[in-house]
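Chemist: Here you go, this is data.txt (compact mmCIF, C-alpha atoms and all ligand atoms).
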```
# COMPACT_ATOMS: atom_id res chain seq x y z
CA MET H 20 -3.52 -12.16 21.42
CA ILE H 21 -3.22 -9.65 18.59
CA ARG H 22 0.00 -7.65 18.98
CA ALA H 23 0.24 -6.10 15.49
CA ILE H 24 -2.17 -4.93 12.82
CA VAL H 25 -0.97 -4.69 9.23
CA THR H 26 -3.24 -2.71 6.94
CA ASP H 27 -3.64 -2.42 3.21
CA ILE H 28 -4.41 1.06 1.80
CA GLU H 29 -6.46 1.06 -1.41
CA GLY H 30 -10.02 -0.07 -0.61
CA THR H 31 -9.16 -0.54 3.09
CA THR H 32 -8.06 2.74 4.68
CA SER H 33 -8.67 4.77 1.54
CA ASP H 34 -11.20 5.05 -1.25
CA ILE H 35 -10.22 3.20 -4.43
CA ARG H 36 -11.50 6.26 -6.31
CA PHE H 37 -8.89 8.48 -4.64
CA VAL H 38 -6.13 6.17 -5.87
CA HIS H 39 -7.55 5.68 -9.38
CA GLN H 40 -9.09 9.09 -10.03
CA VAL H 41 -6.62 11.39 -8.22
CA LEU H 42 -3.24 9.74 -7.58
CA PHE H 43 -2.85 7.62 -10.72
CA PRO H 44 -3.90 10.39 -13.18
CA TYR H 45 -1.64 12.91 -11.38
CA ALA H 46 1.39 10.68 -11.97
CA ARG H 47 0.30 9.68 -15.46
CA GLU H 48 -0.09 13.28 -16.69
CA ARG H 49 3.42 14.19 -15.48
CA LEU H 50 5.37 10.97 -16.02
CA SER H 51 6.93 11.55 -19.44
CA ASP H 52 8.15 15.13 -18.82
CA TRP H 53 9.16 14.26 -15.26
CA ILE H 54 11.36 11.35 -16.33
CA ARG H 55 12.99 13.47 -19.00
CA ALA H 56 13.76 16.15 -16.40
CA HIS H 57 14.86 13.89 -13.55
CA HIS H 58 16.28 10.66 -15.05
CA ALA H 59 19.83 11.50 -13.95
CA ALA H 60 18.89 12.01 -10.29
CA PRO H 61 20.24 9.04 -8.28
CA GLU H 62 16.88 7.80 -6.94
CA VAL H 63 15.26 8.05 -10.39
CA SER H 64 18.22 6.45 -12.11
CA ALA H 65 18.08 3.55 -9.61
CA ALA H 66 14.36 3.01 -10.31
CA LEU H 67 15.00 3.06 -14.08
CA THR H 68 17.81 0.53 -13.68
CA ALA H 69 15.40 -1.70 -11.71
CA LEU H 70 12.85 -1.27 -14.50
CA ARG H 71 15.41 -2.34 -17.15
CA HIS H 72 16.05 -5.40 -15.00
CA GLU H 73 12.31 -6.09 -14.65
CA LEU H 74 11.90 -5.82 -18.44
CA GLY H 75 14.98 -7.95 -19.12
CA GLU H 76 16.21 -5.11 -21.36
CA PRO H 77 19.50 -3.82 -19.92
CA ALA H 78 20.01 -1.36 -22.80
CA ALA H 79 16.49 0.13 -22.85
CA ASP H 80 16.58 3.90 -23.43
CA ILE H 81 14.40 6.53 -21.80
CA ASP H 82 11.74 6.37 -24.55
CA ARG H 83 11.43 2.59 -24.22
CA LEU H 84 11.28 2.79 -20.42
CA THR H 85 8.63 5.52 -20.56
CA ALA H 86 6.52 3.44 -22.96
CA ALA H 87 6.81 0.43 -20.63
CA LEU H 88 5.71 2.53 -17.66
CA TYR H 89 2.59 3.71 -19.54
CA GLN H 90 1.82 0.09 -20.39
CA PHE H 91 2.27 -0.90 -16.73
CA MET H 92 -0.09 1.90 -15.68
CA ASP H 93 -2.69 0.71 -18.22
CA GLU H 94 -2.46 -2.78 -16.72
CA ASP H 95 -2.32 -1.51 -13.08
CA ARG H 96 0.83 -3.62 -12.86
CA LYS H 97 2.26 -3.60 -9.32
CA SER H 98 5.79 -3.04 -10.61
CA THR H 99 8.17 -1.95 -7.86
CA ALA H 100 9.92 0.46 -10.26
CA LEU H 101 6.64 2.06 -11.39
CA LYS H 102 5.41 2.34 -7.80
CA SER H 103 8.67 3.94 -6.74
CA LEU H 104 8.49 6.54 -9.54
CA GLN H 105 4.80 7.28 -8.87
CA GLY H 106 5.67 7.93 -5.21
CA MET H 107 8.35 10.44 -6.23
CA ILE H 108 5.90 12.30 -8.50
CA TRP H 109 3.18 12.35 -5.80
CA ARG H 110 5.71 13.97 -3.45
CA SER H 111 5.28 17.31 -5.21
CA GLY H 112 1.49 16.86 -5.37
CA TYR H 113 1.26 16.58 -1.59
CA ARG H 114 3.84 19.33 -1.07
CA ASN H 115 1.98 21.74 -3.38
CA GLY H 116 -1.34 20.96 -1.70
CA ASP H 117 -2.79 19.56 -4.93
CA PHE H 118 -4.49 16.83 -2.84
CA LEU H 119 -4.59 15.25 0.62
CA GLY H 120 -4.34 11.52 1.27
CA HIS H 121 -7.86 10.14 1.55
CA LEU H 122 -8.75 8.17 4.67
CA TYR H 123 -12.25 6.96 5.43
CA PRO H 124 -13.74 8.81 8.46
CA ASP H 125 -13.49 5.75 10.75
CA VAL H 126 -9.78 5.11 10.15
CA ALA H 127 -7.89 7.70 12.24
CA ASN H 128 -9.89 7.05 15.44
CA SER H 129 -9.48 3.28 15.27
CA LEU H 130 -5.77 3.48 14.48
CA THR H 131 -5.31 5.87 17.40
CA GLN H 132 -7.21 3.59 19.80
CA TRP H 133 -5.28 0.49 18.72
CA HIS H 134 -2.01 2.40 19.08
CA GLN H 135 -3.02 3.52 22.60
CA GLN H 136 -3.78 -0.13 23.46
CA GLY H 137 -0.17 -0.99 22.63
CA ILE H 138 -0.90 -2.73 19.33
CA LYS H 139 1.84 -2.08 16.79
CA LEU H 140 0.59 -0.74 13.47
CA TYR H 141 2.11 -1.39 10.04
CA VAL H 142 1.18 -0.72 6.43
CA TYR H 143 1.52 -3.21 3.60
CA SER H 144 0.61 -1.74 0.23
CA SER H 145 1.70 -2.06 -3.38
CA GLY H 146 2.31 1.69 -3.24
CA SER H 147 5.94 2.45 -2.40
CA GLU H 148 7.01 3.05 1.19
CA GLU H 149 7.41 6.73 0.32
CA ALA H 150 3.89 6.84 -1.16
CA GLN H 151 2.52 5.26 2.03
CA ARG H 152 4.32 7.75 4.28
CA LEU H 153 3.11 10.64 2.09
CA LEU H 154 -0.51 9.49 2.22
CA PHE H 155 -0.62 9.01 6.00
CA GLY H 156 1.56 12.07 6.62
CA ASN H 157 -0.63 14.37 4.53
CA SER H 158 -4.06 12.88 5.08
CA ASN H 159 -7.48 14.45 5.47
CA ALA H 160 -7.16 13.45 9.16
CA GLY H 161 -3.74 15.10 9.56
CA ASP H 162 -0.33 13.51 9.99
CA LEU H 163 -0.82 9.96 11.31
CA THR H 164 2.72 8.69 10.68
CA ARG H 165 3.50 8.72 14.44
CA LEU H 166 1.05 5.81 14.83
CA PHE H 167 2.95 3.45 12.54
CA SER H 168 5.91 1.27 13.44
CA GLY H 169 6.79 0.36 9.86
CA TYR H 170 5.85 0.23 6.20
CA PHE H 171 6.11 -2.66 3.72
CA ASP H 172 5.81 -2.46 -0.05
CA THR H 173 6.36 -4.79 -3.00
CA ARG H 174 10.09 -5.01 -2.25
CA ILE H 175 9.09 -7.56 0.41
CA GLY H 176 7.05 -9.53 -2.14
CA ALA H 177 3.72 -9.48 -3.96
CA LYS H 178 0.57 -9.10 -1.90
CA ARG H 179 -1.00 -12.35 -3.12
CA ASP H 180 2.14 -14.34 -2.33
CA VAL H 181 2.23 -16.18 1.01
CA SER H 182 6.01 -15.76 1.27
CA ALA H 183 5.59 -11.97 1.62
CA TYR H 184 3.51 -12.45 4.78
CA ARG H 185 5.99 -14.96 6.17
CA THR H 186 8.83 -12.48 5.62
CA ILE H 187 6.89 -9.61 7.22
CA GLY H 188 6.08 -11.88 10.18
CA GLU H 189 9.80 -12.61 10.63
CA ARG H 190 10.58 -8.88 10.52
CA LEU H 191 7.94 -8.19 13.17
CA ALA H 192 9.34 -11.05 15.30
CA LEU H 193 5.81 -12.14 16.24
CA ALA H 194 3.99 -15.43 16.05
CA PRO H 195 1.77 -15.50 12.93
CA ASP H 196 -1.44 -15.65 14.97
CA GLU H 197 -0.47 -12.43 16.77
CA ILE H 198 -0.79 -10.47 13.51
CA LEU H 199 -4.10 -9.23 12.06
CA PHE H 200 -4.18 -8.26 8.38
CA LEU H 201 -6.80 -5.85 7.05
CA SER H 202 -7.51 -5.78 3.32
CA ASP H 203 -10.37 -5.51 0.84
CA ILE H 204 -8.92 -8.16 -1.49
CA ARG H 205 -9.78 -11.80 -0.74
CA GLN H 206 -6.70 -13.20 -2.49
CA GLU H 207 -4.41 -11.07 -0.30
CA LEU H 208 -6.25 -12.25 2.81
CA ASP H 209 -6.01 -15.87 1.61
CA ALA H 210 -2.21 -15.51 1.34
CA ALA H 211 -1.97 -13.92 4.81
CA ARG H 212 -4.10 -16.68 6.32
CA GLN H 213 -1.91 -19.31 4.67
CA ALA H 214 0.99 -17.72 6.55
CA GLY H 215 -0.98 -18.22 9.77
CA TRP H 216 -2.13 -14.61 10.21
CA ARG H 217 -5.58 -13.53 11.39
CA THR H 218 -7.53 -11.76 8.67
CA CYS H 219 -10.39 -9.30 8.31
CA GLN H 220 -11.91 -8.14 5.02
CA LEU H 221 -12.98 -4.52 4.60
CA VAL H 222 -16.05 -4.29 2.39
CA ARG H 223 -16.38 -0.55 1.89
CA ASP H 224 -18.92 -0.78 -0.92
CA GLN H 225 -20.30 -4.26 -1.63
CA ALA H 226 -19.96 -7.42 0.48
CA ASP H 227 -17.82 -10.19 -0.99
CA PRO H 228 -20.36 -13.02 -1.53
CA GLN H 229 -17.64 -15.66 -1.03
CA ARG H 230 -17.28 -14.73 2.69
CA GLN H 231 -13.97 -16.54 3.20
CA HIS H 232 -12.86 -14.07 5.89
CA PRO H 233 -14.67 -12.07 8.61
CA GLN H 234 -16.10 -8.97 6.92
CA VAL H 235 -16.65 -5.44 8.24
CA ASN H 236 -17.67 -2.19 6.57
CA ARG H 237 -15.64 0.09 8.83
CA PHE H 238 -12.62 -0.01 11.13
CA ASP H 239 -14.81 0.77 14.18
CA GLN H 240 -16.62 -2.57 13.66
CA ILE H 241 -13.37 -4.48 14.21
CA ASN H 242 -13.35 -6.09 17.65
CA ILE H 243 -9.75 -7.16 18.27
CA GLN H 244 -10.79 -9.67 20.96
CA GLU H 245 -12.72 -11.67 18.35
CA PHE H 246 -9.47 -12.38 16.53
CA THR H 247 -7.86 -13.89 19.64
CA GLU H 248 -8.69 -17.52 20.29
C1 LIG C 301 0.19 4.37 -1.24
S1 LIG C 301 -1.22 4.89 -2.10
C2 LIG C 301 -1.04 4.22 -3.73
C3 LIG C 301 -1.46 2.83 -3.78
C4 LIG C 301 -1.01 2.17 -5.03
O1 LIG C 301 -0.16 2.65 -5.74
C5 LIG C 301 -1.58 0.92 -5.38
O2 LIG C 301 -1.19 0.31 -6.37
C6 LIG C 301 -2.64 0.30 -4.53
O3 LIG C 301 -2.07 -0.70 -3.83
P1 LIG C 301 -2.76 -1.43 -2.58
O4 LIG C 301 -1.81 -2.53 -2.31
O5 LIG C 301 -2.85 -0.43 -1.46
O6 LIG C 301 -4.08 -1.93 -3.00
MG MG C 302 -6.61 -2.98 -1.30
```
Could I get this structure in the form of structure tokens?
Ligand SMILES: CSCCC(=O)C(=O)COP(=O)(O)O
Ligand SMILES: [Mg+2]

Modeler:
Amino acid sequence: MIRAIVTDIEGTTSDIRFVHQVLFPYARERLSDWIRAHHAAPEVSAALTALRHELGEPAADIDRLTAALYQFMDEDRKSTALKSLQGMIWRSGYRNGDFLGHLYPDVANSLTQWHQQGIKLYVYSSGSEEAQRLLFGNSNAGDLTRLFSGYFDTRIGAKRDVSAYRTIGERLALAPDEILFLSDIRQELDAARQAGWRTCQLVRDQADPQRQHPQVNRFDQINIQEFTE
């Protein structure tokens, strides 16, 4: 029986174009000035210290760190430090009403129904926990944060790494086959399945010809019973 659903964001609940054409450019355009202005703030300073550690350059100055962050953004590197800083910059974007978090039209209804059925809902995204809360709290379907029981980001591990799913499973205190993972990326679903989870691939645009996991186009096509043996 499925007791928890863990969902990815980009390409699953939300359009990849929103992330790549709205969120990422918003942070990119502001990053350099923003770091200069805020590097002494404790949460920013902690992220920059983590970045120095990630780079293996304990003495890196602000210019070097900024250059590394631009390189990471070019590579779409899922660096925990970068993701943390992006989340902080997006905070003002949501607060100023520069954008709303994009959710596909089928998402809010399905999440609400699953929540009403007593299924616990969680997010697992490379975006920071703060970025996840901001997106669901300021979405085009309103504030959906009340539906979620928790948020996981790259601090728990990388999304293609089976150990991340094992650790999340332990935190949820559920048997692996009681957890359903929703994602658009086959390699993430492969890792979740290796951990014993049930999986479902969202194919918002084009089907994945490899068909390694059950595929749906929308959340309202997900029949939870079908994932229970
Ligand atoms: C929380 S929205 C920003 C998502 C993000 O930064 C990202 O890198 C996409 O990660 P996902 O794991 O949701 O594909
Ligand atoms: Mg995704």

Chemist: Expressed in Å to a single decimal, how great is the separation between atom CA of H:Asn115 and atom CA of H:Leu130?

Modeler: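 About the pair atom CA of H:Asn115 and atom CA of H:Leu130: they are 26.7 Å apart.
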
Chemist: Restricting the calculation to all atoms listed in the file, which member of H:Gly112, H:His72, H:Met20, H:Asp93 is positioned closest to H:Arg49?

Modeler: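 Nearest to H:Arg49: H:Gly112.
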
Chemist: Which protein, DNA or RNA residues have an atom within 10 Å of ligand MG 302 (chain C), counting only C-alpha atoms and all ligand atoms, as a short mmCIF file (atom, residue, chain, number, x, y, z; two decimals) with C-alpha atoms, in the frame of the given file?

Modeler:
```cif
data_model
loop_
_atom_site.label_atom_id
_atom_site.label_comp_id
_atom_site.auth_asym_id
_atom_site.auth_seq_id
_atom_site.Cartn_x
_atom_site.Cartn_y
_atom_site.Cartn_z
CA THR H 26 -3.24 -2.71 6.94
CA ASP H 27 -3.64 -2.42 3.21
CA ILE H 28 -4.41 1.06 1.80
CA GLU H 29 -6.46 1.06 -1.41
CA GLY H 30 -10.02 -0.07 -0.61
CA THR H 31 -9.16 -0.54 3.09
CA THR H 32 -8.06 2.74 4.68
CA SER H 33 -8.67 4.77 1.54
CA ASP H 34 -11.20 5.05 -1.25
CA ILE H 35 -10.22 3.20 -4.43
CA TYR H 143 1.52 -3.21 3.60
CA SER H 144 0.61 -1.74 0.23
CA SER H 145 1.70 -2.06 -3.38
CA LYS H 178 0.57 -9.10 -1.90
CA LEU H 201 -6.80 -5.85 7.05
CA SER H 202 -7.51 -5.78 3.32
CA ASP H 203 -10.37 -5.51 0.84
CA ILE H 204 -8.92 -8.16 -1.49
CA ARG H 205 -9.78 -11.80 -0.74
CA GLU H 207 -4.41 -11.07 -0.30
CA GLN H 220 -11.91 -8.14 5.02
CA LEU H 221 -12.98 -4.52 4.60
#
```

Chemist: Calculate how many Å separate atom O4 of ligand LIG 301 (chain C) from atom CA of H:Leu193, rounding to one decimal.

Modeler: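 About the pair atom O4 of ligand LIG 301 (chain C) and atom CA of H:Leu193: they are 22.2 Å apart.
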
Chemist: Between H:Arg55, H:Arg71, H:Arg212, H:Arg36, single out the one closest to H:Pro233, counting all atoms listed in the file.

Modeler: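 Residue with the minimum atom-to-atom distance to H:Pro233: H:Arg212.
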
Chemist: So which one's closest to H:Asn236, H:Phe167, H:Gln135, H:Ser147, H:Val126? Using only C-alpha atoms, please.

Modeler: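 Counting only C-alpha atoms, the residue closest to H:Asn236 is H:Val126.
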
Chemist: Let me make sure I understand: among H:Arg185, H:Arg237, H:Lys97, H:Arg223, which one has the smallest atom-to-atom distance to ligand LIG 301 (chain C) if we use only C-alpha atoms and all ligand atoms?

Modeler: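 Smallest separation from ligand LIG 301 (chain C) among the options: H:Lys97.
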
Chemist: Taking all atoms listed in the file into account, name the residue in H:Ala69, H:Leu42, H:Ala79, H:Ala210 that is nearest to ligand LIG 301 (chain C).

Modeler: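 Closest to ligand LIG 301 (chain C), using all atoms listed in the file: H:Leu42.
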
Chemist: Take atom C1 of ligand LIG 301 (chain C) and atom CA of H:Glu149 and report the distance between them in Å, one decimal.

Modeler: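 Atom C1 of ligand LIG 301 (chain C) sits 7.8 Å away from atom CA of H:Glu149.
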
Chemist: Nearest residue to H:Ala46 out of H:Ile108, H:Ala86, H:Leu70, H:Ala78, using all atoms listed in the file?

Modeler: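 Looking at the shortest contact to H:Ala46, the residue is H:Ile108.
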